[in-house]
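Enquirer: So that you have it, the file is protein05.csv, and it contains CSV, C-alpha atoms and all ligand atoms:
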```csv
chain,number,residue,atom,x,y,z
S,92,MET,CA,83.9,86.9,95.8
S,93,LYS,CA,85.9,89.5,93.9
S,94,THR,CA,89.0,91.0,95.3
S,95,ALA,CA,90.4,94.5,95.3
S,96,VAL,CA,93.9,95.4,96.4
S,97,ILE,CA,94.2,99.1,97.3
S,98,THR,CA,97.4,100.9,98.2
S,99,GLY,CA,97.1,103.9,100.6
S,100,ALA,CA,94.0,102.3,102.0
S,101,THR,CA,94.4,103.7,105.5
S,102,SER,CA,93.1,107.2,105.0
S,103,GLY,CA,91.5,109.6,102.5
S,104,ILE,CA,90.4,108.4,99.1
S,105,GLY,CA,92.0,104.9,99.6
S,106,PHE,CA,90.1,104.2,102.8
S,107,ALA,CA,86.8,105.5,101.3
S,108,THR,CA,87.4,103.2,98.3
S,109,ALA,CA,88.1,100.3,100.6
S,110,LYS,CA,84.9,101.0,102.3
S,111,ALA,CA,82.9,101.3,99.1
S,112,PHE,CA,84.3,97.9,97.8
S,113,ALA,CA,83.7,96.2,101.1
S,114,SER,CA,80.1,97.4,101.3
S,115,LEU,CA,79.5,95.8,97.9
S,116,GLY,CA,80.7,92.5,99.2
S,117,TRP,CA,84.2,92.6,97.7
S,118,ARG,CA,87.2,91.2,99.6
S,119,VAL,CA,89.5,94.2,100.2
S,120,ILE,CA,93.3,93.9,100.7
S,121,GLY,CA,94.6,97.2,101.9
S,122,ILE,CA,98.2,98.4,102.0
S,123,GLY,CA,99.2,101.0,104.5
S,124,ARG,CA,102.4,102.7,105.6
S,125,ASP,CA,102.7,101.0,109.0
S,126,GLU,CA,101.2,98.3,111.2
S,127,ARG,CA,99.3,100.7,113.4
S,128,SER,CA,97.5,102.6,110.7
S,129,CYS,CA,96.7,99.3,109.0
S,130,GLU,CA,95.2,97.8,112.2
S,131,ARG,CA,93.2,101.0,112.8
S,132,ALA,CA,91.8,101.0,109.2
S,133,ARG,CA,91.0,97.3,109.4
S,134,GLN,CA,89.1,97.7,112.6
S,135,GLU,CA,87.2,100.7,111.4
S,136,LEU,CA,86.1,98.8,108.3
S,137,GLN,CA,84.9,95.9,110.5
S,138,VAL,CA,82.8,98.4,112.6
S,139,LEU,CA,81.4,100.2,109.5
S,140,ILE,CA,80.6,97.1,107.4
S,141,SER,CA,79.6,94.0,109.3
S,142,GLY,CA,81.1,90.8,107.8
S,143,ALA,CA,83.6,92.8,105.7
S,144,GLN,CA,86.4,90.6,104.3
S,145,THR,CA,89.5,92.7,104.8
S,146,GLU,CA,93.1,92.1,105.2
S,147,TYR,CA,95.8,94.7,105.5
S,148,PHE,CA,99.6,94.6,104.9
S,149,ALA,CA,102.0,97.3,106.0
S,150,ALA,CA,104.7,98.6,103.7
S,151,ASP,CA,106.5,101.9,103.3
S,152,LEU,CA,106.0,102.1,99.5
S,153,ILE,CA,108.8,104.7,99.2
S,154,HIS,CA,111.2,101.8,99.4
S,155,GLN,CA,111.2,99.3,96.5
S,156,SER,CA,112.3,96.5,98.8
S,157,GLU,CA,109.1,97.1,100.8
S,158,VAL,CA,107.0,97.2,97.7
S,159,VAL,CA,108.3,93.9,96.7
S,160,LYS,CA,107.9,92.4,100.2
S,161,ALA,CA,104.3,93.6,100.4
S,162,ALA,CA,103.5,92.4,96.9
S,163,ASN,CA,104.9,89.0,97.7
S,164,LYS,CA,102.7,88.7,100.8
S,165,VAL,CA,99.6,89.9,98.8
S,166,SER,CA,100.4,87.4,96.0
S,167,ALA,CA,100.8,84.5,98.5
S,168,TYR,CA,97.5,85.5,100.1
S,169,LEU,CA,95.7,85.7,96.8
S,170,CYS,CA,97.0,82.2,95.9
S,171,GLU,CA,95.8,80.8,99.2
S,172,ALA,CA,92.4,82.6,99.5
S,173,CYS,CA,91.4,83.7,96.0
S,174,GLU,CA,92.7,81.0,93.6
S,175,GLY,CA,95.5,83.3,92.6
S,176,LYS,CA,93.0,85.8,91.1
S,177,LEU,CA,93.0,89.6,91.5
S,178,GLU,CA,90.1,91.5,89.8
S,179,VAL,CA,91.3,95.0,90.7
S,180,LEU,CA,94.4,96.7,91.8
S,181,VAL,CA,94.1,100.3,92.9
S,182,ASN,CA,97.4,102.1,92.9
S,183,ASN,CA,96.4,105.0,95.0
S,184,ALA,CA,99.1,105.7,97.6
S,185,GLY,CA,100.6,109.1,97.1
S,186,GLY,CA,102.1,112.1,98.7
S,187,VAL,CA,103.8,115.4,98.5
S,188,ARG,CA,107.2,116.5,99.5
S,189,SER,CA,108.1,120.2,100.1
S,190,VAL,CA,111.7,119.8,99.3
S,191,TYR,CA,113.8,117.5,97.1
S,192,THR,CA,114.4,114.4,99.1
S,193,THR,CA,115.6,111.0,97.8
S,194,THR,CA,114.9,107.4,98.8
S,195,ALA,CA,117.5,104.8,99.7
S,196,GLU,CA,117.6,103.9,96.0
S,197,GLY,CA,118.4,107.5,95.1
S,198,TYR,CA,115.0,108.4,93.6
S,199,GLU,CA,113.1,111.6,94.4
S,200,GLN,CA,110.4,110.6,96.9
S,201,GLN,CA,107.3,111.7,95.1
S,202,PHE,CA,108.6,110.0,91.9
S,203,ALA,CA,109.2,106.9,93.9
S,204,LEU,CA,105.9,106.8,95.7
S,205,ASN,CA,103.5,108.4,93.2
S,206,LEU,CA,104.9,106.6,90.2
S,207,LEU,CA,107.4,103.8,90.7
S,208,ALA,CA,105.6,102.1,93.6
S,209,GLY,CA,102.5,101.5,91.5
S,210,VAL,CA,104.5,100.3,88.6
S,211,LEU,CA,106.4,97.8,90.7
S,212,PHE,CA,103.3,96.6,92.6
S,213,THR,CA,101.5,96.1,89.3
S,214,HIS,CA,104.4,94.1,87.9
S,215,LYS,CA,104.5,91.8,91.0
S,216,LEU,CA,100.8,91.2,90.9
S,217,LEU,CA,100.6,90.7,87.1
S,218,ASP,CA,100.0,87.0,87.1
S,219,CYS,CA,97.1,87.3,89.5
S,220,LEU,CA,95.6,90.1,87.4
S,221,LYS,CA,96.0,88.1,84.3
S,222,ALA,CA,94.3,85.1,85.9
S,223,ALA,CA,91.2,87.3,86.5
S,224,ASN,CA,91.3,89.5,83.4
S,225,GLY,CA,91.9,92.2,86.0
S,226,ARG,CA,91.8,96.0,85.9
S,227,VAL,CA,94.5,98.4,87.2
S,228,LEU,CA,93.2,101.8,88.5
S,229,PHE,CA,95.7,104.5,89.0
S,230,THR,CA,94.8,107.6,91.1
S,231,GLY,CA,95.6,110.5,88.8
S,232,SER,CA,95.0,114.2,89.2
S,233,ASN,CA,93.6,117.0,87.1
S,234,SER,CA,96.9,118.8,87.8
S,235,HIS,CA,98.6,116.6,85.1
S,236,LYS,CA,97.1,119.0,82.6
S,237,HIS,CA,99.4,121.8,83.6
S,238,ILE,CA,102.8,120.2,82.7
S,239,ARG,CA,104.6,118.4,79.9
S,240,PRO,CA,107.0,115.5,80.4
S,241,ARG,CA,110.5,116.6,81.3
S,242,PHE,CA,112.7,113.8,80.1
S,243,ASP,CA,115.9,116.0,80.6
S,244,ASP,CA,115.3,116.2,84.3
S,245,ILE,CA,112.8,113.4,85.0
S,246,MET,CA,112.9,113.7,88.9
S,247,LEU,CA,113.2,117.5,88.7
S,248,GLU,CA,116.5,117.4,90.5
S,249,ARG,CA,117.8,120.6,88.8
S,250,ARG,CA,114.6,122.6,89.3
S,251,TYR,CA,112.5,121.1,92.1
S,252,HIS,CA,109.2,122.6,93.1
S,253,CYS,CA,106.9,120.4,95.1
S,254,LEU,CA,103.7,121.0,93.1
S,255,THR,CA,105.5,120.8,89.8
S,256,ALA,CA,107.0,117.5,90.9
S,257,TYR,CA,103.5,116.3,92.0
S,258,LYS,CA,101.9,117.1,88.7
S,259,HIS,CA,104.8,115.6,86.8
S,260,THR,CA,104.5,112.3,88.6
S,261,LYS,CA,100.7,112.2,87.8
S,262,LEU,CA,101.4,112.9,84.1
S,263,LEU,CA,104.1,110.2,84.0
S,264,GLY,CA,101.7,107.8,85.7
S,265,MET,CA,99.2,108.4,82.9
S,266,LEU,CA,101.8,107.8,80.3
S,267,PHE,CA,102.8,104.6,81.9
S,268,ALA,CA,99.2,103.5,82.0
S,269,GLN,CA,98.8,104.3,78.3
S,270,ALA,CA,101.8,102.2,77.4
S,271,PHE,CA,100.7,99.4,79.8
S,272,ASN,CA,97.4,99.2,77.8
S,273,ARG,CA,99.2,98.9,74.6
S,274,ARG,CA,101.5,96.3,75.9
S,275,PHE,CA,98.7,94.2,77.3
S,276,GLU,CA,96.1,94.9,74.7
S,277,LYS,CA,95.6,91.3,73.8
S,278,GLU,CA,95.7,89.9,77.4
S,279,HIS,CA,92.4,91.3,78.7
S,280,ILE,CA,93.9,93.4,81.5
S,281,ARG,CA,93.4,97.1,81.3
S,282,ALA,CA,94.6,100.2,83.1
S,283,TYR,CA,92.5,103.3,83.9
S,284,VAL,CA,93.2,106.6,85.5
S,285,VAL,CA,90.8,108.1,88.1
S,286,ASP,CA,90.8,111.8,88.7
S,287,PRO,CA,89.3,112.2,92.1
S,288,GLY,CA,88.9,116.0,91.9
S,289,LEU,CA,89.7,118.2,94.8
S,290,VAL,CA,89.1,116.1,97.9
S,291,ASN,CA,89.2,117.1,101.6
S,292,THR,CA,92.1,114.9,102.9
S,293,LYS,CA,95.3,115.5,104.8
S,294,ILE,CA,97.6,114.7,101.9
S,295,GLY,CA,99.2,118.2,101.8
S,296,MET,CA,99.9,118.1,105.5
S,297,LYS,CA,102.1,115.0,105.7
S,298,GLN,CA,105.9,115.2,105.2
S,299,THR,CA,105.4,118.8,104.2
S,300,GLY,CA,106.0,122.1,106.0
S,301,GLY,CA,105.4,125.8,106.0
S,302,LEU,CA,103.6,127.3,103.0
S,303,VAL,CA,102.6,123.9,101.5
S,304,ARG,CA,100.8,122.9,104.7
S,305,PHE,CA,99.2,126.3,105.1
S,306,VAL,CA,97.9,126.5,101.5
S,307,TRP,CA,96.6,122.9,101.6
S,308,GLU,CA,94.8,123.4,104.9
S,309,LEU,CA,92.9,126.2,103.3
S,310,ARG,CA,92.4,124.6,99.9
S,311,ARG,CA,91.2,121.3,101.1
S,312,ARG,CA,88.2,122.9,102.7
S,313,GLY,CA,86.7,123.4,99.2
S,314,GLY,CA,87.2,119.7,98.5
S,315,CYS,CA,84.5,117.0,98.4
S,316,THR,CA,84.4,114.0,100.8
S,317,PRO,CA,86.5,111.0,99.7
S,318,ASP,CA,83.4,108.9,99.4
S,319,LEU,CA,82.5,110.7,96.2
S,320,PRO,CA,85.6,109.7,94.1
S,321,ALA,CA,85.4,106.2,95.7
S,322,GLN,CA,82.3,105.7,93.5
S,323,THR,CA,84.3,106.1,90.4
S,324,TYR,CA,86.8,103.3,91.4
S,325,VAL,CA,83.9,101.0,92.2
S,326,GLN,CA,82.1,101.7,89.0
S,327,LEU,CA,85.3,101.2,86.8
S,328,ALA,CA,86.0,97.9,88.7
S,329,SER,CA,82.4,96.5,88.4
S,330,ALA,CA,81.2,97.6,85.0
S,331,ALA,CA,80.7,94.9,82.5
S,332,PRO,CA,82.0,94.8,79.8
S,333,ALA,CA,85.1,96.7,80.8
S,334,PRO,CA,84.7,100.5,80.1
S,335,GLU,CA,86.3,101.6,76.8
S,336,GLY,CA,87.7,104.9,78.1
S,337,PHE,CA,90.9,105.7,80.0
S,338,TYR,CA,90.5,108.8,82.2
S,339,TYR,CA,87.5,109.1,84.5
S,340,TYR,CA,86.1,111.8,86.9
S,341,ARG,CA,82.9,111.3,88.9
S,342,CYS,CA,82.1,108.1,87.0
S,343,LEU,CA,82.3,109.7,83.6
S,344,GLU,CA,85.0,109.6,80.9
S,345,ARG,CA,86.7,112.9,80.6
S,346,PRO,CA,89.2,114.6,78.3
S,347,TYR,CA,92.8,114.7,79.4
S,348,SER,CA,96.1,116.4,78.3
S,349,ARG,CA,97.4,115.8,74.9
S,350,PHE,CA,100.8,115.2,76.5
S,351,ALA,CA,99.4,112.1,78.2
S,352,LYS,CA,98.4,110.7,74.7
S,353,ASP,CA,101.8,110.9,73.2
S,354,GLU,CA,102.7,107.3,72.3
S,355,GLN,CA,106.4,107.8,72.0
S,356,ALA,CA,106.5,109.5,75.4
S,357,ALA,CA,104.4,106.7,76.9
S,358,ALA,CA,106.8,104.1,75.6
S,359,ARG,CA,109.7,106.1,76.9
S,360,VAL,CA,108.2,106.4,80.4
S,361,PHE,CA,107.3,102.7,80.3
S,362,SER,CA,110.9,101.6,79.7
S,363,LEU,CA,112.3,104.2,82.2
S,364,CYS,CA,110.0,102.8,84.9
S,365,GLU,CA,111.1,99.3,84.0
S,366,ARG,CA,114.7,100.4,84.3
S,367,TYR,CA,114.2,102.3,87.6
S,368,CYS,CA,112.3,99.3,89.1
S,369,GLY,CA,114.7,96.7,87.7
S,370,ILE,CA,111.9,94.8,86.0
S,371,ARG,CA,110.7,93.7,82.6
S,372,PHE,CA,107.0,93.5,81.8
I,401,LIG,N1,93.1,115.0,97.9
I,401,LIG,C1,93.0,115.5,96.7
I,401,LIG,O1,92.4,116.5,96.4
I,401,LIG,C2,93.6,114.7,95.6
I,401,LIG,C3,93.4,115.2,94.3
I,401,LIG,C4,94.0,114.4,93.2
I,401,LIG,C5,94.7,113.3,93.4
I,401,LIG,N2,94.9,112.8,94.7
I,401,LIG,C6,95.6,111.6,94.9
I,401,LIG,O2,94.8,110.7,95.7
I,401,LIG,C7,95.7,109.7,96.3
I,401,LIG,C8,95.3,109.6,97.7
I,401,LIG,O3,95.5,110.8,98.4
I,401,LIG,P1,94.5,111.4,99.5
I,401,LIG,O4,94.2,112.7,99.1
I,401,LIG,O5,93.5,110.4,99.9
I,401,LIG,O6,95.6,111.6,100.7
I,401,LIG,P2,95.9,110.7,102.0
I,401,LIG,O7,94.6,110.7,102.9
I,401,LIG,O8,97.1,111.2,102.6
I,401,LIG,O9,96.0,109.3,101.5
I,401,LIG,C9,97.3,108.8,101.0
I,401,LIG,C10,97.4,107.4,101.3
I,401,LIG,O10,98.7,106.9,100.9
I,401,LIG,C11,99.4,106.4,102.0
I,401,LIG,N3,100.8,106.6,101.9
I,401,LIG,C12,101.5,107.8,101.9
I,401,LIG,N4,102.8,107.6,101.9
I,401,LIG,C13,103.0,106.2,101.9
I,401,LIG,C14,104.1,105.4,101.9
I,401,LIG,N5,105.3,105.9,101.9
I,401,LIG,N6,103.9,104.1,102.0
I,401,LIG,C15,102.7,103.5,102.1
I,401,LIG,N7,101.6,104.3,102.0
I,401,LIG,C16,101.7,105.6,102.0
I,401,LIG,C17,98.8,107.2,103.2
I,401,LIG,O11,99.1,106.5,104.4
I,401,LIG,P3,99.0,107.3,105.8
I,401,LIG,O12,97.5,107.2,106.2
I,401,LIG,O13,99.9,106.6,106.7
I,401,LIG,O14,99.4,108.7,105.6
I,401,LIG,C18,97.3,107.2,102.8
I,401,LIG,O15,96.8,105.9,103.1
I,401,LIG,C19,97.1,110.2,96.1
I,401,LIG,O16,97.6,109.5,95.0
I,401,LIG,C20,96.9,111.6,95.6
I,401,LIG,O17,97.9,112.1,94.9
I,401,LIG,C21,94.3,113.5,95.8
```
Output the file's structure as C-alpha cells, nothing else.
Expert:
Amino acid sequence: MKTAVITGATSGIGFATAKAFASLGWRVIGIGRDERSCERARQELQVLISGAQTEYFAADLIHQSEVVKAANKVSAYLCEACEGKLEVLVNNAGGVRSVYTTTAEGYEQQFALNLLAGVLFTHKLLDCLKAANGRVLFTGSNSHKHIRPRFDDIMLERRYHCLTAYKHTKLLGMLFAQAFNRRFEKEHIRAYVVDPGLVNTKIGMKQTGGLVRFVWELRRRGGCTPDLPAQTYVQLASAAPAPEGFYYYRCLERPYSRFAKDEQAAARVFSLCERYCGIRF
C-alpha cells in the first residue's frame, strides 16, 4: 500500500485530495491545525470511504517547533507501519493574513506557513521520501505569475499587502521546488507544483477581516469544487514513470512565470529557506 502525507488535510483542497488518495486505496496521513479538525476529517473520510487507511496528526504549522514535532511523529509512524517509506508528500497547508503578523520565530505568517512549513516538513521526511523514490507536491497558485522575487524585502515587512505577500510566497515556493529538483536530480525524488485554479474554499475567510473576507466570499463562488484539483495531485503521484514536467493544472503541464525559472534566484531561495529553518539539505 502506498502512502501520501498531506498537510492542510482537514478542509478544502487538502481534504478532497485526502479523499481522492484514500478512494484509490492509498494510506493517507493528514496534518491539520488542531485535534478537533483532525478527528472530524478522519471520521468523515471513514464514512465516505469504507476501509480507508487514515491517520491524522495535529500541528499548527505556523510554528517551526510544531512542524518538527509533527514530522517526527509522521516519520515514526512511517517507520512502524510503512517500512520507513513515503511515496508522496503534499505540502498544501496555506493561508492568507490581512495584516503583517509575525510568528514566535519572527517570520511573517504567510511566509512561515505557505513556504517555510513545507520546506521544513520536506526536510524532516527526506529519508522516508528517498526510501520510496518519492514525490513532493507543492500547492502553488496561478497568482505567482503576477510578481517577481523581492529579495530586498523577502517577507514584505516594509510594504505589506496581503495578496502581494500571498503571491510572493507561492513564487518563492516554486523557486524552492526548482532548486530542490536540481539538488536531488540524481536521487530519484522529485518536486512538482500543482496550480489548483480558483477553488471554492474558505481560505480567504480565515484569519482575515474586512475587505479581504468580503472579496473572497464573492470570488470563491466562481471557483470549482476542491475535488477537481484533487485529481491532479493523484495523477502526479500515481503516474509511471514520473512525469517530466514541473507545473501542472487540471492534470496537464502548463507554462509558468519566467521568474520561477531563474536558477540563481532558485538557489538563493533554497539557501534562504535553509537558513530560516535552521536546516541543511
Ligand atoms: N482556493 C483557491 O482558489 C486556491 C487557489 C490557489 C491555491 N490555493 C492553495 O491551496 C491550498 C489549500 O487551500 P484551500 O483553498 O483548500 O483552503 P482551506 O480550505 O482553508 O485549506 C487550507 C488547509 O490548511 C490548513 N491550515 C491553515 N493554517 C494552518 C496552520 N497554521 N497549521 C496547520 N494547518 C493549517 C487548514 O486548516 P483548517 O481547516 O483548520 O483551517 C486547511 O486544512 C493553500 O496552499 C492555498 O494557498 C487555493
Enquirer: Could you tell me, counting only C-alpha atoms and all ligand atoms, which protein and nucleic acid residues lie no more than 6 Å from ligand LIG 401 (chain I), written as a list in words?
Expert: Gly99, Ala100, Thr101, Ser102, Gly103, Ile104, Gly105, Gly123, Arg124, Ala150, Asp151, Leu152, Ile153, Asn183, Ala184, Gly185, Gly186, Thr230, Gly231, Ser232, Pro287, Gly288, Leu289, Val290, Asn291, Thr292, Lys293 and Ile294 of chain S
Enquirer: Selected residues, C-alpha atoms, written as a PDB file, keeping the file's coordinate frame, please.
Expert:
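Produced file result.pdb, reproduced below:
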```pdb
ATOM      1  CA  GLY S  99      97.100 103.900 100.600  1.00  0.00           C
ATOM      2  CA  ALA S 100      94.000 102.300 102.000  1.00  0.00           C
ATOM      3  CA  THR S 101      94.400 103.700 105.500  1.00  0.00           C
ATOM      4  CA  SER S 102      93.100 107.200 105.000  1.00  0.00           C
ATOM      5  CA  GLY S 103      91.500 109.600 102.500  1.00  0.00           C
ATOM      6  CA  ILE S 104      90.400 108.400  99.100  1.00  0.00           C
ATOM      7  CA  GLY S 105      92.000 104.900  99.600  1.00  0.00           C
ATOM      8  CA  GLY S 123      99.200 101.000 104.500  1.00  0.00           C
ATOM      9  CA  ARG S 124     102.400 102.700 105.600  1.00  0.00           C
ATOM     10  CA  ALA S 150     104.700  98.600 103.700  1.00  0.00           C
ATOM     11  CA  ASP S 151     106.500 101.900 103.300  1.00  0.00           C
ATOM     12  CA  LEU S 152     106.000 102.100  99.500  1.00  0.00           C
ATOM     13  CA  ILE S 153     108.800 104.700  99.200  1.00  0.00           C
ATOM     14  CA  ASN S 183      96.400 105.000  95.000  1.00  0.00           C
ATOM     15  CA  ALA S 184      99.100 105.700  97.600  1.00  0.00           C
ATOM     16  CA  GLY S 185     100.600 109.100  97.100  1.00  0.00           C
ATOM     17  CA  GLY S 186     102.100 112.100  98.700  1.00  0.00           C
ATOM     18  CA  THR S 230      94.800 107.600  91.100  1.00  0.00           C
ATOM     19  CA  GLY S 231      95.600 110.500  88.800  1.00  0.00           C
ATOM     20  CA  SER S 232      95.000 114.200  89.200  1.00  0.00           C
ATOM     21  CA  PRO S 287      89.300 112.200  92.100  1.00  0.00           C
ATOM     22  CA  GLY S 288      88.900 116.000  91.900  1.00  0.00           C
ATOM     23  CA  LEU S 289      89.700 118.200  94.800  1.00  0.00           C
ATOM     24  CA  VAL S 290      89.100 116.100  97.900  1.00  0.00           C
ATOM     25  CA  ASN S 291      89.200 117.100 101.600  1.00  0.00           C
ATOM     26  CA  THR S 292      92.100 114.900 102.900  1.00  0.00           C
ATOM     27  CA  LYS S 293      95.300 115.500 104.800  1.00  0.00           C
ATOM     28  CA  ILE S 294      97.600 114.700 101.900  1.00  0.00           C
TER      29      ILE S 294
END
```
Enquirer: To one decimal place in Å, what is the distance between atom CA of S:Val284 and atom CA of S:Ala149?
Expert: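 Separating atom CA of S:Val284 from atom CA of S:Ala149 is a distance of 24.2 Å.
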Enquirer: Which residue out of S:Arg241, S:His235, S:His214, S:Arg281 has the minimum interatomic distance to S:Tyr347 when only C-alpha atoms are used?
Expert: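 Closest to S:Tyr347 of all the choices is S:His235.
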Enquirer: Just the number, please: distance in Å from atom CA of S:Phe361 to atom CA of S:Ser189, one decimal.
Expert: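 These atoms are spaced 26.4 Å apart.
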Enquirer: Excluding S:Pro334 and residues on its chain fewer than 4 positions from it, collect all residues at most 10 Å away from it, counting all atoms listed in the file, and give them as an MDAnalysis selection string.
Expert: chainID S and resid 281 283 326:330 344
Enquirer: Convert the current residue selection to file output with C-alpha atoms, as a PDB file, in the frame of the given file.
Expert:
```pdb
ATOM      1  CA  ARG S 281      93.400  97.100  81.300  1.00  0.00           C
ATOM      2  CA  TYR S 283      92.500 103.300  83.900  1.00  0.00           C
ATOM      3  CA  GLN S 326      82.100 101.700  89.000  1.00  0.00           C
ATOM      4  CA  LEU S 327      85.300 101.200  86.800  1.00  0.00           C
ATOM      5  CA  ALA S 328      86.000  97.900  88.700  1.00  0.00           C
ATOM      6  CA  SER S 329      82.400  96.500  88.400  1.00  0.00           C
ATOM      7  CA  ALA S 330      81.200  97.600  85.000  1.00  0.00           C
ATOM      8  CA  GLU S 344      85.000 109.600  80.900  1.00  0.00           C
TER       9      GLU S 344
END
```
Enquirer: For S:Pro240, list every protein, DNA or RNA residue within 8 Å, evaluated using all atoms listed in the file, and leave out those in the same chain fewer than 6 positions away; present the list as a PyMOL selection string.
Expert: chain S and resi 259+262-263+350+356
Enquirer: I need the chosen residues saved as a compact mmCIF listing (two decimals), keeping the file's coordinate frame, with C-alpha atoms.
Expert:
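Output file part-v4.txt follows:
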```
# COMPACT_ATOMS: atom_id res chain seq x y z
CA HIS S 259 104.80 115.60 86.80
CA LEU S 262 101.40 112.90 84.10
CA LEU S 263 104.10 110.20 84.00
CA PHE S 350 100.80 115.20 76.50
CA ALA S 356 106.50 109.50 75.40
```
Enquirer: Which one is closest to S:His237: S:Thr255, S:Gln201, S:Gln298, S:Asn224? Count only C-alpha atoms.
Expert: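 For S:His237, the nearest of the given residues is S:Thr255.
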Enquirer: As an exercise, work out the distance from atom CA of S:Lys261 to atom CA of S:Ile280 in Å and give it to one decimal place.
Expert: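 That distance, rounded to one decimal, is 21.0 Å.
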Enquirer: Pick out the closest residue to S:Leu115 from this set: S:Cys173, S:Met92, S:Ile97, S:Ala162. Count all atoms listed in the file.
Expert: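 Closest candidate: S:Met92.
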Enquirer: Using all atoms listed in the file, which of the listed residues (S:Gln355, S:Thr192, S:Ser362, S:Gln269) sits closest to S:His252?
Expert: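 Among the listed residues, the smallest separation from S:His252 belongs to S:Thr192.
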Enquirer: Pick the closest to S:Val190 from S:Ala111, S:Ile122, S:Val303, S:Leu266: which is it, counting only C-alpha atoms?
Expert: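 Looking at the shortest contact to S:Val190, the residue is S:Val303.
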